[in-house]
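Here's protein-v8.cif, which has mmCIF, N, CA and C atoms:
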```cif
data_target
loop_
_atom_site.group_PDB
_atom_site.id
_atom_site.type_symbol
_atom_site.label_atom_id
_atom_site.label_comp_id
_atom_site.auth_asym_id
_atom_site.auth_seq_id
_atom_site.Cartn_x
_atom_site.Cartn_y
_atom_site.Cartn_z
ATOM 1 N N MET O 83 20.650 26.701 -27.854
ATOM 2 C CA MET O 83 19.632 25.653 -27.859
ATOM 3 C C MET O 83 20.262 24.320 -27.445
ATOM 4 N N VAL O 84 19.508 23.526 -26.686
ATOM 5 C CA VAL O 84 20.008 22.262 -26.165
ATOM 6 C C VAL O 84 19.841 21.172 -27.223
ATOM 7 N N ASN O 85 20.859 20.358 -27.358
ATOM 8 C CA ASN O 85 20.806 19.242 -28.296
ATOM 9 C C ASN O 85 19.762 18.234 -27.806
ATOM 10 N N SER O 86 18.875 17.794 -28.682
ATOM 11 C CA SER O 86 17.785 16.898 -28.275
ATOM 12 C C SER O 86 18.307 15.541 -27.810
ATOM 13 N N LYS O 87 19.379 15.060 -28.422
ATOM 14 C CA LYS O 87 19.945 13.775 -28.011
ATOM 15 C C LYS O 87 20.491 13.870 -26.585
ATOM 16 N N ARG O 88 21.165 14.988 -26.294
ATOM 17 C CA ARG O 88 21.706 15.174 -24.947
ATOM 18 C C ARG O 88 20.577 15.309 -23.926
ATOM 19 N N LEU O 89 19.506 16.003 -24.296
ATOM 20 C CA LEU O 89 18.361 16.172 -23.404
ATOM 21 C C LEU O 89 17.708 14.827 -23.087
ATOM 22 N N LEU O 90 17.531 13.993 -24.103
ATOM 23 C CA LEU O 90 16.969 12.655 -23.880
ATOM 24 C C LEU O 90 17.875 11.802 -23.006
ATOM 25 N N LEU O 91 19.175 11.929 -23.193
ATOM 26 C CA LEU O 91 20.130 11.181 -22.380
ATOM 27 C C LEU O 91 20.050 11.607 -20.917
ATOM 28 N N ILE O 92 19.969 12.908 -20.683
ATOM 29 C CA ILE O 92 19.874 13.418 -19.307
ATOM 30 C C ILE O 92 18.563 12.960 -18.666
ATOM 31 N N ILE O 93 17.465 13.085 -19.398
ATOM 32 C CA ILE O 93 16.162 12.661 -18.859
ATOM 33 C C ILE O 93 16.169 11.156 -18.576
ATOM 34 N N GLY O 94 16.783 10.384 -19.438
ATOM 35 C CA GLY O 94 16.868 8.936 -19.227
ATOM 36 C C GLY O 94 17.621 8.589 -17.956
ATOM 37 N N TRP O 95 18.777 9.230 -17.742
ATOM 38 C CA TRP O 95 19.555 8.949 -16.545
ATOM 39 C C TRP O 95 18.859 9.434 -15.283
ATOM 40 N N VAL O 96 18.153 10.559 -15.374
ATOM 41 C CA VAL O 96 17.384 11.038 -14.223
ATOM 42 C C VAL O 96 16.301 10.025 -13.872
ATOM 43 N N ASN O 97 15.657 9.451 -14.884
ATOM 44 C CA ASN O 97 14.634 8.440 -14.634
ATOM 45 C C ASN O 97 15.230 7.181 -14.006
ATOM 46 N N VAL O 98 16.413 6.785 -14.466
ATOM 47 C CA VAL O 98 17.067 5.596 -13.903
ATOM 48 C C VAL O 98 17.406 5.820 -12.430
ATOM 49 N N VAL O 99 18.004 6.956 -12.129
ATOM 50 C CA VAL O 99 18.387 7.255 -10.742
ATOM 51 C C VAL O 99 17.142 7.361 -9.858
ATOM 52 N N ALA O 100 16.098 8.027 -10.347
ATOM 53 C CA ALA O 100 14.871 8.158 -9.566
ATOM 54 C C ALA O 100 14.232 6.802 -9.315
ATOM 55 N N ALA O 101 14.237 5.930 -10.324
ATOM 56 C CA ALA O 101 13.653 4.602 -10.157
ATOM 57 C C ALA O 101 14.415 3.799 -9.109
ATOM 58 N N LEU O 102 15.739 3.881 -9.138
ATOM 59 C CA LEU O 102 16.540 3.140 -8.157
ATOM 60 C C LEU O 102 16.311 3.669 -6.748
ATOM 61 N N LEU O 103 16.287 4.977 -6.585
ATOM 62 C CA LEU O 103 16.106 5.558 -5.255
ATOM 63 C C LEU O 103 14.707 5.306 -4.731
ATOM 64 N N LEU O 104 13.704 5.460 -5.578
ATOM 65 C CA LEU O 104 12.333 5.250 -5.128
ATOM 66 C C LEU O 104 12.077 3.780 -4.826
ATOM 67 N N PHE O 105 12.680 2.878 -5.614
ATOM 68 C CA PHE O 105 12.500 1.450 -5.368
ATOM 69 C C PHE O 105 13.121 1.068 -4.029
ATOM 70 N N GLN O 106 14.289 1.603 -3.732
ATOM 71 C CA GLN O 106 14.933 1.300 -2.452
ATOM 72 C C GLN O 106 14.124 1.860 -1.295
ATOM 73 N N ALA O 107 13.584 3.041 -1.459
ATOM 74 C CA ALA O 107 12.759 3.635 -0.396
ATOM 75 C C ALA O 107 11.496 2.808 -0.195
ATOM 76 N N PHE O 108 10.906 2.337 -1.291
ATOM 77 C CA PHE O 108 9.699 1.510 -1.204
ATOM 78 C C PHE O 108 10.004 0.193 -0.487
ATOM 79 N N CYS O 109 11.118 -0.442 -0.834
ATOM 80 C CA CYS O 109 11.488 -1.707 -0.182
ATOM 81 C C CYS O 109 11.793 -1.482 1.297
ATOM 82 N N GLY O 110 12.437 -0.388 1.617
ATOM 83 C CA GLY O 110 12.717 -0.084 3.011
ATOM 84 C C GLY O 110 11.446 0.153 3.802
ATOM 85 N N LEU O 111 10.505 0.866 3.214
ATOM 86 C CA LEU O 111 9.225 1.112 3.874
ATOM 87 C C LEU O 111 8.470 -0.192 4.096
ATOM 88 N N MET O 112 8.476 -1.073 3.099
ATOM 89 C CA MET O 112 7.792 -2.365 3.232
ATOM 90 C C MET O 112 8.445 -3.212 4.323
ATOM 91 N N ALA O 113 9.765 -3.193 4.398
ATOM 92 C CA ALA O 113 10.465 -3.969 5.430
ATOM 93 C C ALA O 113 10.120 -3.456 6.821
ATOM 94 N N ILE O 114 10.046 -2.148 6.978
ATOM 95 C CA ILE O 114 9.691 -1.574 8.277
ATOM 96 C C ILE O 114 8.266 -1.958 8.658
ATOM 97 N N CYS O 115 7.343 -1.860 7.709
ATOM 98 C CA CYS O 115 5.944 -2.218 7.993
ATOM 99 C C CYS O 115 5.810 -3.700 8.342
ATOM 100 N N MET O 116 6.512 -4.559 7.614
ATOM 101 C CA MET O 116 6.453 -5.991 7.918
ATOM 102 C C MET O 116 7.043 -6.271 9.290
ATOM 103 N N GLY O 117 8.113 -5.576 9.652
ATOM 104 C CA GLY O 117 8.718 -5.749 10.974
ATOM 105 C C GLY O 117 7.774 -5.345 12.089
ATOM 106 N N ILE O 118 7.055 -4.256 11.896
ATOM 107 C CA ILE O 118 6.088 -3.810 12.906
ATOM 108 C C ILE O 118 4.974 -4.835 13.075
ATOM 109 N N VAL O 119 4.464 -5.331 11.953
ATOM 110 C CA VAL O 119 3.377 -6.317 12.022
ATOM 111 C C VAL O 119 3.854 -7.603 12.690
ATOM 112 N N LEU O 120 5.029 -8.090 12.313
ATOM 113 C CA LEU O 120 5.543 -9.324 12.917
ATOM 114 C C LEU O 120 5.820 -9.144 14.404
ATOM 115 N N LYS O 121 6.328 -7.981 14.789
ATOM 116 C CA LYS O 121 6.591 -7.719 16.203
ATOM 117 C C LYS O 121 5.289 -7.761 16.999
ATOM 118 N N LYS O 122 4.241 -7.152 16.468
ATOM 119 C CA LYS O 122 2.946 -7.163 17.158
ATOM 120 C C LYS O 122 2.380 -8.578 17.229
ATOM 121 N N ASP O 123 2.560 -9.366 16.176
ATOM 122 C CA ASP O 123 2.054 -10.736 16.176
ATOM 123 C C ASP O 123 2.773 -11.594 17.209
ATOM 124 N N TYR O 124 4.083 -11.441 17.322
ATOM 125 C CA TYR O 124 4.832 -12.274 18.265
ATOM 126 C C TYR O 124 4.657 -11.814 19.697
ATOM 127 N N GLN O 125 4.319 -10.551 19.925
ATOM 128 C CA GLN O 125 4.116 -10.066 21.276
ATOM 129 C C GLN O 125 2.698 -10.330 21.779
ATOM 130 N N ALA O 126 1.799 -10.669 20.891
ATOM 131 C CA ALA O 126 0.415 -10.927 21.289
ATOM 132 C C ALA O 126 0.354 -12.202 22.115
ATOM 133 N N PRO O 127 -0.481 -12.247 23.160
ATOM 134 C CA PRO O 127 -0.602 -13.476 23.949
ATOM 135 C C PRO O 127 -1.220 -14.593 23.111
ATOM 136 N N CYS O 128 -0.657 -15.757 23.270
ATOM 137 C CA CYS O 128 -1.128 -16.910 22.506
ATOM 138 C C CYS O 128 -1.856 -17.861 23.453
ATOM 139 N N LYS O 129 -2.970 -18.413 22.998
ATOM 140 C CA LYS O 129 -3.759 -19.322 23.844
ATOM 141 C C LYS O 129 -3.014 -20.625 24.108
ATOM 142 N N ASN O 130 -2.178 -21.044 23.186
ATOM 143 C CA ASN O 130 -1.462 -22.316 23.339
ATOM 144 C C ASN O 130 -0.326 -22.228 24.329
ATOM 145 N N ASP O 131 0.116 -21.004 24.683
ATOM 146 C CA ASP O 131 1.226 -20.848 25.611
ATOM 147 C C ASP O 131 0.818 -21.071 27.067
ATOM 148 N N GLN O 132 -0.457 -21.034 27.381
ATOM 149 C CA GLN O 132 -0.899 -21.185 28.755
ATOM 150 C C GLN O 132 -0.853 -22.667 29.151
ATOM 151 N N GLU O 133 -0.365 -22.901 30.356
ATOM 152 C CA GLU O 133 -0.304 -24.287 30.841
ATOM 153 C C GLU O 133 -1.655 -24.673 31.434
ATOM 154 N N PRO O 134 -2.045 -25.909 31.266
ATOM 155 C CA PRO O 134 -3.351 -26.367 31.817
ATOM 156 C C PRO O 134 -3.359 -26.471 33.318
#
```
Please express the file's structure as structure tokens.
Amino acid sequence: MVNSKRLLLIIGWVNVVAALLLFQAFCGLMAICMGIVLKKDYQAPCKNDQEP
């Protein structure tokens, strides 16, 4: 039988590692999405750029 204290410790560390990995993946995904949006915004033709 598994010691309950050891089981809680293992589950706790698994949660910590999962939170760190998922948070990094989430931040990376957000950075990629923001980069795509900014790239599209800067590549769009601007009315103020045209000379009179």
Please compute the CA of Leu111 in chain O-CA of Ile92 in chain O distance, one decimal, in Å. 28.3 Å
To box range 111-125 of chain O, take all atoms listed in the file, fit an axis-aligned box, add 8 Å on each side, and give centre and edge lengths in Å to one decimal, as AutoDock Vina command-line options.
```
--center_x 6.3 --center_y -5.6 --center_z 12.4 --size_x 24.5 --size_y 29.4 --size_z 34.7
```
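Separating atom C of Leu103 in chain O from CA of Lys121 in chain O is a distance of 26.0 Å.
Pairwise distance (CA of Tyr124 in chain O, atom C of Met112 in chain O) equals 17.0 Å.
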